[in-house]
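> Pasting a structure below so you can have a look.
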Amino acid sequence: MLERPVLDLRRSAAGFWIVAAAFTAVMSLGTAPSPLYPLYQQAYGFSSVTVTIVFAAYAVGVLGSLFMVGHLSDQLGRRRLLLAALVTAAASAAVFTVWPELPGLILARLLSGVAVGMITSTGVAALAELDAAARPGRGGRRAAVVGTAANLGGLGLGPLVAGVLADLAPWPLHLPYVVHLVALLVAAALLALVPETVRRPDPRPPYRPQRAAVPPGLRRQFAAAAVAAFVAFALFGLFAALGSAFVGATLGSTSHTLGGLSTTATFGTAAIVQALVRDPSGRWAGLLGTAAVPVGLAVVVAAAWWPSLPLFLAGEVAVGAGVGLMFSGAVRVVATGAAPEKRAEAVAGLFLTAYLGLTLPVLGLGVATQYASPPVVLTVYAGLAALLAVAAGRPVRHARP
């Protein structure tokens with residue numbers, strides 16, 4: 001077990017919010033391109049398949065980073081990994097700015113995913129440790145809420161910022177990334193004020209990637225939780241990759257702000273719900289999550305066939321609430337059901353399944369839109385997702401250890 005240094009209360013309190021801001025900035029860049037994809041399609045003739053490939057590069061970067069470097073803050077220190085994540089994200093923003101063609105977009109998305117993979121586990125751990133040092137004896141509720149807000153809230157903030165800038169300011173394919181670049185560089189500079197919360201082990205243990213495994217006694221619970229995580233991220237990917245284009249093509253809106261809002265609604269609602277619900281694996285939370293997903297998807301599909309932007313956004317809010325509860329419930333079931341020495345491997349396996357959900361279905365969706373109209377494709381996609389959500393919901397609710 002790592003020994004923690006003695007931390008100053010004031011530095012820890014300030015460091016907590018600096019880390020939260022850095023976490024938010026990195027996550028925000030991860031979804032900033034969402035409302036801009038229609039502009040890329042207009043400028044460079046990208047197809048829906050191309051857009052989904054660009055989006056998938058992000059998920060590949062996240063997966064690789066989570067398993068290769070995301071756990072190294074235990075050995076190298078939280079602050080070093082946070083700085084590496086911010087520098088990588090800043091490099092991504094710079095590539096977005098100067099190289100808007102397809103190879104540049106794929107590279108920028110890959111770098112953004114790597115940064116997200118580095119900061120996800122590191123940021124959560126740093127927030128918990130800084131909060132414990134700044135407010136001893138208060139419990140970890142605030143760190144959990146702020147971590148959720150920074151993670152999903154940041155993903156919801158990025159499209160809104162990019163959409164507003166694309167509507168109101170010049171250089172829509174450049175300025176949103178310049179703004180993110182400045183924010184990331186400021187956050188990196190402020191890390192000098194953040195105290196380190198772990199002492200690096202000496203000698204340093206040999207490197208190995210994060211393992212992903214399912215403990216034998218957790219297989220039934222894990223299977224249900226994995227389906228729930230897969231569906232949750234498949235729906236996150238649906239609205240993040242193609243939501244803006246769908247709003248423009250099907251609902252007839254030319255506003256990039258509204259296009260960004262279509263992504264913000266899903267991630268933002270998921271963040272709020274996760275912050276408010278103390279036990280997402282409880283009976284009533286599970287029932288609400290399982291019901292909200294098919295109901296919300298039905299509303300979204302109705303808005304596609306009978307175009308209505310308010311109806312579409314209302315459906316997205318319901319879906320966001322449902323997938324937020326489903327995913328947080330799945331994480332809780334796996335994390336509390338696994339033995340402490342196997343917990344990291346089990347949770348890593350769950351995230352592997354989740355990010356496969358973020359990648360594979362969205363790629364299929366992009367291909368399908370080449371052969372059928374968006375409402376037809378969305379109806380089939382939503383129907384399959386709703387069936388899987390309902391199928392996974394009951395086992396997750398009844399799999400509590």
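Letters A, B, ... go to the chains of the structure tokens in the order shown; residues in each chain start at 1; ligands are counted from 1 in the same order.
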Mind checking which residues fall within 6 Å of stretch 308-322 of chain A, counting only C-alpha atoms, ignoring those fewer than 2 positions away in the same chain, and posting them as a PyMOL selection string?
chain A and resi 265-266+269-270+273+289+292-293+296+299-300+303+324-325
> Please, could you write that set of residues out with N, CA, C and O atoms as a CSV table (one decimal), in the first residue's frame?

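Written file, result_3.csv:
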chain,number,residue,atom,x,y,z
A,265,ALA,N,-27.3,17.6,-23.5
A,265,ALA,CA,-28.5,17.1,-22.8
A,265,ALA,C,-28.2,15.7,-22.2
A,265,ALA,O,-28.6,15.4,-21.1
A,266,THR,N,-27.6,14.9,-23.0
A,266,THR,CA,-27.4,13.5,-22.6
A,266,THR,C,-26.4,13.4,-21.5
A,266,THR,O,-26.6,12.8,-20.4
A,269,THR,N,-27.4,15.5,-18.2
A,269,THR,CA,-28.4,14.8,-17.3
A,269,THR,C,-27.8,13.6,-16.6
A,269,THR,O,-28.1,13.4,-15.4
A,270,ALA,N,-27.0,12.9,-17.3
A,270,ALA,CA,-26.4,11.7,-16.7
A,270,ALA,C,-25.5,12.2,-15.5
A,270,ALA,O,-25.5,11.5,-14.4
A,273,VAL,N,-27.9,13.3,-12.5
A,273,VAL,CA,-28.5,12.1,-11.9
A,273,VAL,C,-27.5,11.3,-11.1
A,273,VAL,O,-27.8,10.9,-9.9
A,289,GLY,N,-33.9,3.8,-14.0
A,289,GLY,CA,-33.0,3.8,-15.1
A,289,GLY,C,-33.4,2.9,-16.2
A,289,GLY,O,-33.4,3.3,-17.4
A,292,ALA,N,-36.4,4.6,-17.9
A,292,ALA,CA,-36.2,5.9,-18.6
A,292,ALA,C,-35.5,5.7,-20.0
A,292,ALA,O,-35.8,6.5,-20.9
A,293,VAL,N,-34.7,4.7,-20.1
A,293,VAL,CA,-34.0,4.5,-21.4
A,293,VAL,C,-35.0,4.2,-22.6
A,293,VAL,O,-35.0,4.9,-23.6
A,296,GLY,N,-37.3,7.3,-23.1
A,296,GLY,CA,-36.6,8.4,-23.8
A,296,GLY,C,-36.3,8.1,-25.2
A,296,GLY,O,-36.5,8.9,-26.1
A,299,VAL,N,-39.4,8.6,-27.4
A,299,VAL,CA,-39.6,10.0,-27.6
A,299,VAL,C,-38.7,10.5,-28.7
A,299,VAL,O,-39.1,11.3,-29.6
A,300,VAL,N,-37.4,10.1,-28.6
A,300,VAL,CA,-36.4,10.5,-29.7
A,300,VAL,C,-36.8,10.0,-31.0
A,300,VAL,O,-36.8,10.8,-32.0
A,303,ALA,N,-39.6,12.0,-32.4
A,303,ALA,CA,-39.2,13.3,-32.9
A,303,ALA,C,-38.5,13.2,-34.2
A,303,ALA,O,-38.4,14.2,-35.0
A,324,GLY,N,-27.3,7.2,-17.2
A,324,GLY,CA,-26.5,7.6,-16.0
A,324,GLY,C,-26.7,6.7,-14.9
A,324,GLY,O,-25.8,6.2,-14.2
A,325,LEU,N,-28.0,6.4,-14.6
A,325,LEU,CA,-28.3,5.4,-13.5
A,325,LEU,C,-27.8,4.0,-13.8
A,325,LEU,O,-27.3,3.3,-13.0
> So which residues touch A:Leu83 within 10 Å, counting only C-alpha atoms, skipping near sequence neighbours fewer than 6 positions away, as a ChimeraX atom specification?
/A:22,89,115,118-119,184-185,187-192
> Those same residues, written as a tab-separated table (two decimals), in the first residue's frame with C-alpha atoms?

chain	number	residue	atom	x	y	z
A	22	ALA	CA	-8.20	20.37	-15.13
A	89	ALA	CA	-4.86	17.21	-24.46
A	115	ALA	CA	-5.54	12.26	-22.40
A	118	MET	CA	-4.87	9.16	-18.36
A	119	ILE	CA	-6.95	11.61	-16.36
A	184	LEU	CA	-5.58	23.43	-20.74
A	185	LEU	CA	-2.33	25.39	-20.59
A	187	ALA	CA	-4.66	24.35	-15.84
A	188	ALA	CA	-1.21	22.83	-16.46
A	189	ALA	CA	0.48	25.91	-15.02
A	190	LEU	CA	-1.78	25.84	-11.94
A	191	LEU	CA	-0.79	22.24	-11.21
A	192	ALA	CA	2.37	23.66	-9.63
> Rank A:Lys342, A:Arg219, A:Arg109, A:Arg78 by their smallest atom-to-atom distance to A:Thr52, using only C-alpha atoms, and report the top residue only.
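Result for the nearest residue to A:Thr52: A:Arg109.
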> Show me, as a list of chain:residue names, the residues that have an atom within 10 Å of A:Gly140 when counting only C-alpha atoms, minus same-chain residues fewer than 6 positions from it.
A:Leu127, A:Ala128, A:Glu129, A:Asp131, A:Ala132
> Based on the selection just made, write C-alpha atoms of those residues as a PDB file, in the first residue's frame.

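And here is the file that came out, part.pdb:
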ATOM      1  CA  LEU A 127      -9.827  14.433  -5.914  1.00  0.00           C
ATOM      2  CA  ALA A 128     -10.570  11.821  -3.245  1.00  0.00           C
ATOM      3  CA  GLU A 129      -7.156  12.218  -1.628  1.00  0.00           C
ATOM      4  CA  ASP A 131     -10.622  16.199  -0.315  1.00  0.00           C
ATOM      5  CA  ALA A 132      -9.695  13.831   2.517  1.00  0.00           C
TER       6      ALA A 132
END
> Could you name the residues that touch A:Arg135 at 10 Å or less, counting only C-alpha atoms, but leaving out those on the same chain fewer than 5 positions away, as a PDB file with C-alpha atoms, in the first residue's frame?

ATOM      1  CA  LEU A   9      -5.067  21.900   4.405  1.00  0.00           C
ATOM      2  CA  ARG A  10      -5.109  25.136   2.395  1.00  0.00           C
ATOM      3  CA  SER A  12      -5.134  20.669  -0.543  1.00  0.00           C
ATOM      4  CA  ALA A  13      -8.347  22.695  -0.655  1.00  0.00           C
ATOM      5  CA  GLU A 129      -7.156  12.218  -1.628  1.00  0.00           C
ATOM      6  CA  LEU A 130      -7.101  16.023  -1.731  1.00  0.00           C
ATOM      7  CA  GLY A 140     -15.886  11.125   0.355  1.00  0.00           C
ATOM      8  CA  ARG A 142     -18.057  15.713  -2.144  1.00  0.00           C
TER       9      ARG A 142
END
> So, with only C-alpha atoms as the atoms that count, which of A:Thr31, A:Ser244, A:Thr379, A:Gln75 lies closest to A:Gly113?
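Closest to A:Gly113 of all the choices is A:Thr31.
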> Please measure the separation of atom CA of A:Val331 and atom CA of A:Val62, giving the value in Å to one decimal.
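About the pair atom CA of A:Val331 and atom CA of A:Val62: they are 17.6 Å apart.
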> Do a neighbour search on A:Ala338 at 7 Å with only C-alpha atoms, toss out local chain neighbours closer than 5 positions, and write the hits as number ranges by chain.
A: 215, 218, 343, 346
> May I have the selected residues written with all heavy atoms, as a PDB file, in the first residue's frame?

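The resulting file, selection_13.pdb, is reproduced below:
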ATOM      1  N   PRO A 215     -13.664 -11.920 -11.894  1.00  0.00           N
ATOM      2  CA  PRO A 215     -13.542 -12.961 -10.869  1.00  0.00           C
ATOM      3  C   PRO A 215     -14.614 -14.024 -11.063  1.00  0.00           C
ATOM      4  O   PRO A 215     -15.762 -13.706 -11.405  1.00  0.00           O
ATOM      5  CB  PRO A 215     -13.755 -12.188  -9.562  1.00  0.00           C
ATOM      6  CG  PRO A 215     -13.425 -10.773  -9.893  1.00  0.00           C
ATOM      7  CD  PRO A 215     -13.833 -10.586 -11.314  1.00  0.00           C
ATOM      8  N   LEU A 218     -18.160 -13.584  -9.744  1.00  0.00           N
ATOM      9  CA  LEU A 218     -18.878 -12.365 -10.135  1.00  0.00           C
ATOM     10  C   LEU A 218     -19.405 -12.441 -11.565  1.00  0.00           C
ATOM     11  O   LEU A 218     -19.895 -11.451 -12.096  1.00  0.00           O
ATOM     12  CB  LEU A 218     -17.930 -11.157  -9.985  1.00  0.00           C
ATOM     13  CG  LEU A 218     -18.527  -9.751 -10.007  1.00  0.00           C
ATOM     14  CD1 LEU A 218     -19.419  -9.511  -8.797  1.00  0.00           C
ATOM     15  CD2 LEU A 218     -17.429  -8.701 -10.058  1.00  0.00           C
ATOM     16  N   ARG A 343     -10.598  -5.903  -7.500  1.00  0.00           N
ATOM     17  CA  ARG A 343     -11.545  -4.854  -7.860  1.00  0.00           C
ATOM     18  C   ARG A 343     -11.096  -4.073  -9.093  1.00  0.00           C
ATOM     19  O   ARG A 343     -11.884  -3.818 -10.008  1.00  0.00           O
ATOM     20  CB  ARG A 343     -11.741  -3.913  -6.663  1.00  0.00           C
ATOM     21  CG  ARG A 343     -12.826  -2.866  -6.872  1.00  0.00           C
ATOM     22  CD  ARG A 343     -13.147  -2.192  -5.555  1.00  0.00           C
ATOM     23  NE  ARG A 343     -13.720  -3.153  -4.617  1.00  0.00           N
ATOM     24  CZ  ARG A 343     -13.529  -3.118  -3.302  1.00  0.00           C
ATOM     25  NH1 ARG A 343     -12.759  -2.187  -2.771  1.00  0.00           N
ATOM     26  NH2 ARG A 343     -14.091  -4.024  -2.524  1.00  0.00           N
ATOM     27  N   ALA A 346     -11.619  -6.076 -12.254  1.00  0.00           N
ATOM     28  CA  ALA A 346     -13.029  -6.220 -12.618  1.00  0.00           C
ATOM     29  C   ALA A 346     -13.592  -4.930 -13.197  1.00  0.00           C
ATOM     30  O   ALA A 346     -14.305  -4.947 -14.210  1.00  0.00           O
ATOM     31  CB  ALA A 346     -13.839  -6.647 -11.394  1.00  0.00           C
TER      32      ALA A 346
END
> Please provide the set of residues having any atom within 12 Å of A:Val186, restricted to only C-alpha atoms, with same-chain residues fewer than 4 positions apart removed, written as a ChimeraX atom specification.
/A:18-19,21-22,25,83,86-87,90,179-182,190-193
> Can I get the selected residues back with all heavy atoms, as a compact mmCIF listing (two decimals), in the first residue's frame?

# COMPACT_ATOMS: atom_id res chain seq x y z
N ILE A 18 -8.42 22.96 -8.41
CA ILE A 18 -7.58 23.01 -9.60
C ILE A 18 -7.65 21.70 -10.37
O ILE A 18 -7.79 21.67 -11.60
CB ILE A 18 -6.12 23.34 -9.21
CG1 ILE A 18 -6.02 24.78 -8.70
CG2 ILE A 18 -5.18 23.14 -10.41
CD1 ILE A 18 -4.68 25.12 -8.08
N VAL A 19 -7.59 20.58 -9.65
CA VAL A 19 -7.69 19.27 -10.30
C VAL A 19 -9.07 19.10 -10.94
O VAL A 19 -9.20 18.59 -12.06
CB VAL A 19 -7.41 18.14 -9.29
CG1 VAL A 19 -7.76 16.77 -9.89
CG2 VAL A 19 -5.95 18.17 -8.86
N ALA A 21 -10.97 21.46 -12.14
CA ALA A 21 -10.99 22.27 -13.36
C ALA A 21 -10.18 21.62 -14.48
O ALA A 21 -10.60 21.61 -15.65
CB ALA A 21 -10.44 23.67 -13.05
N ALA A 22 -9.02 21.05 -14.13
CA ALA A 22 -8.20 20.37 -15.13
C ALA A 22 -8.93 19.16 -15.71
O ALA A 22 -8.93 18.93 -16.93
CB ALA A 22 -6.87 19.95 -14.51
N ALA A 25 -11.60 20.35 -18.10
CA ALA A 25 -11.06 20.86 -19.37
C ALA A 25 -10.69 19.72 -20.32
O ALA A 25 -10.97 19.78 -21.53
CB ALA A 25 -9.84 21.73 -19.10
N LEU A 83 -0.37 16.18 -15.24
CA LEU A 83 0.35 17.06 -16.16
C LEU A 83 0.48 16.41 -17.53
O LEU A 83 0.29 17.06 -18.57
CB LEU A 83 1.72 17.40 -15.60
CG LEU A 83 2.59 18.33 -16.46
CD1 LEU A 83 1.88 19.68 -16.67
CD2 LEU A 83 3.96 18.54 -15.82
N LEU A 86 -2.82 16.73 -19.34
CA LEU A 86 -3.08 18.09 -19.81
C LEU A 86 -2.21 18.42 -21.02
O LEU A 86 -2.68 19.05 -21.98
CB LEU A 86 -2.82 19.09 -18.68
CG LEU A 86 -3.88 19.11 -17.58
CD1 LEU A 86 -3.37 19.85 -16.35
CD2 LEU A 86 -5.17 19.75 -18.08
N VAL A 87 -0.95 18.02 -21.00
CA VAL A 87 -0.06 18.29 -22.13
C VAL A 87 -0.53 17.53 -23.37
O VAL A 87 -0.54 18.06 -24.49
CB VAL A 87 1.39 17.90 -21.77
CG1 VAL A 87 2.28 17.93 -23.01
CG2 VAL A 87 1.93 18.85 -20.71
N ALA A 90 -3.56 19.27 -24.67
CA ALA A 90 -3.16 20.51 -25.33
C ALA A 90 -2.60 20.22 -26.72
O ALA A 90 -2.88 20.96 -27.69
CB ALA A 90 -2.13 21.25 -24.48
N VAL A 179 -9.65 28.08 -27.63
CA VAL A 179 -10.17 28.32 -26.28
C VAL A 179 -9.82 27.16 -25.36
O VAL A 179 -9.37 27.35 -24.21
CB VAL A 179 -11.69 28.55 -26.32
CG1 VAL A 179 -12.29 28.57 -24.91
CG2 VAL A 179 -12.01 29.86 -27.05
N HIS A 180 -10.00 25.94 -25.83
CA HIS A 180 -9.64 24.77 -25.02
C HIS A 180 -8.13 24.71 -24.77
O HIS A 180 -7.70 24.36 -23.66
CB HIS A 180 -10.11 23.49 -25.71
CG HIS A 180 -11.54 23.16 -25.47
ND1 HIS A 180 -12.57 23.65 -26.25
CD2 HIS A 180 -12.14 22.40 -24.51
CE1 HIS A 180 -13.73 23.20 -25.79
NE2 HIS A 180 -13.49 22.44 -24.74
N LEU A 181 -7.35 25.05 -25.78
CA LEU A 181 -5.89 25.04 -25.62
C LEU A 181 -5.45 25.99 -24.51
O LEU A 181 -4.63 25.63 -23.65
CB LEU A 181 -5.22 25.40 -26.95
CG LEU A 181 -3.69 25.50 -26.94
CD1 LEU A 181 -3.07 24.16 -26.55
CD2 LEU A 181 -3.18 25.93 -28.32
N VAL A 182 -6.01 27.19 -24.51
CA VAL A 182 -5.66 28.16 -23.47
C VAL A 182 -6.07 27.63 -22.09
O VAL A 182 -5.30 27.69 -21.12
CB VAL A 182 -6.34 29.51 -23.76
CG1 VAL A 182 -6.17 30.46 -22.57
CG2 VAL A 182 -5.77 30.14 -25.02
N LEU A 190 -1.26 25.83 -13.31
CA LEU A 190 -1.78 25.84 -11.94
C LEU A 190 -1.47 24.55 -11.19
O LEU A 190 -1.55 24.54 -9.95
CB LEU A 190 -3.29 26.08 -11.96
CG LEU A 190 -3.74 27.48 -12.37
CD1 LEU A 190 -5.27 27.54 -12.45
CD2 LEU A 190 -3.22 28.53 -11.39
N LEU A 191 -1.13 23.49 -11.90
CA LEU A 191 -0.79 22.24 -11.21
C LEU A 191 0.40 22.40 -10.28
O LEU A 191 0.57 21.60 -9.35
CB LEU A 191 -0.49 21.13 -12.22
CG LEU A 191 -1.67 20.36 -12.80
CD1 LEU A 191 -1.16 19.23 -13.68
CD2 LEU A 191 -2.55 19.79 -11.71
N ALA A 192 1.24 23.42 -10.52
CA ALA A 192 2.37 23.66 -9.63
C ALA A 192 1.91 23.95 -8.21
O ALA A 192 2.68 23.76 -7.24
CB ALA A 192 3.21 24.83 -10.16
N LEU A 193 0.67 24.40 -8.05
CA LEU A 193 0.13 24.72 -6.72
C LEU A 193 -0.51 23.51 -6.04
O LEU A 193 -0.90 23.59 -4.87
CB LEU A 193 -0.92 25.83 -6.84
CG LEU A 193 -0.47 27.13 -7.51
CD1 LEU A 193 -1.65 28.09 -7.64
CD2 LEU A 193 0.66 27.76 -6.71
> Just how far from atom CA of A:Phe327 is atom CA of A:Ala232, in Å to one decimal?
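If I compute the distance from atom CA of A:Ala232 to atom CA of A:Phe327, I get 6.2 Å.
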> Give me the residues near A:Thr148 as a list in words, where near means some atom within 8 Å (using only C-alpha atoms) and where sequence neighbours in that chain fewer than 3 positions away do not count.
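Final neighbour list, sorted by chain and number: Ala144, Val145, Asn151, Leu152, Gly153, Ala271, Gln274 and Ala275 of chain A.
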> Can you measure atom CA of A:Gly154 to atom CA of A:Leu378 for me? One decimal in Å is fine.
26.0 Å
> May I ask which of the residues A:Ala382, A:Ala94, A:Ala143, A:Leu387 is the closest one to A:Leu175, counting only C-alpha atoms?
A:Ala94
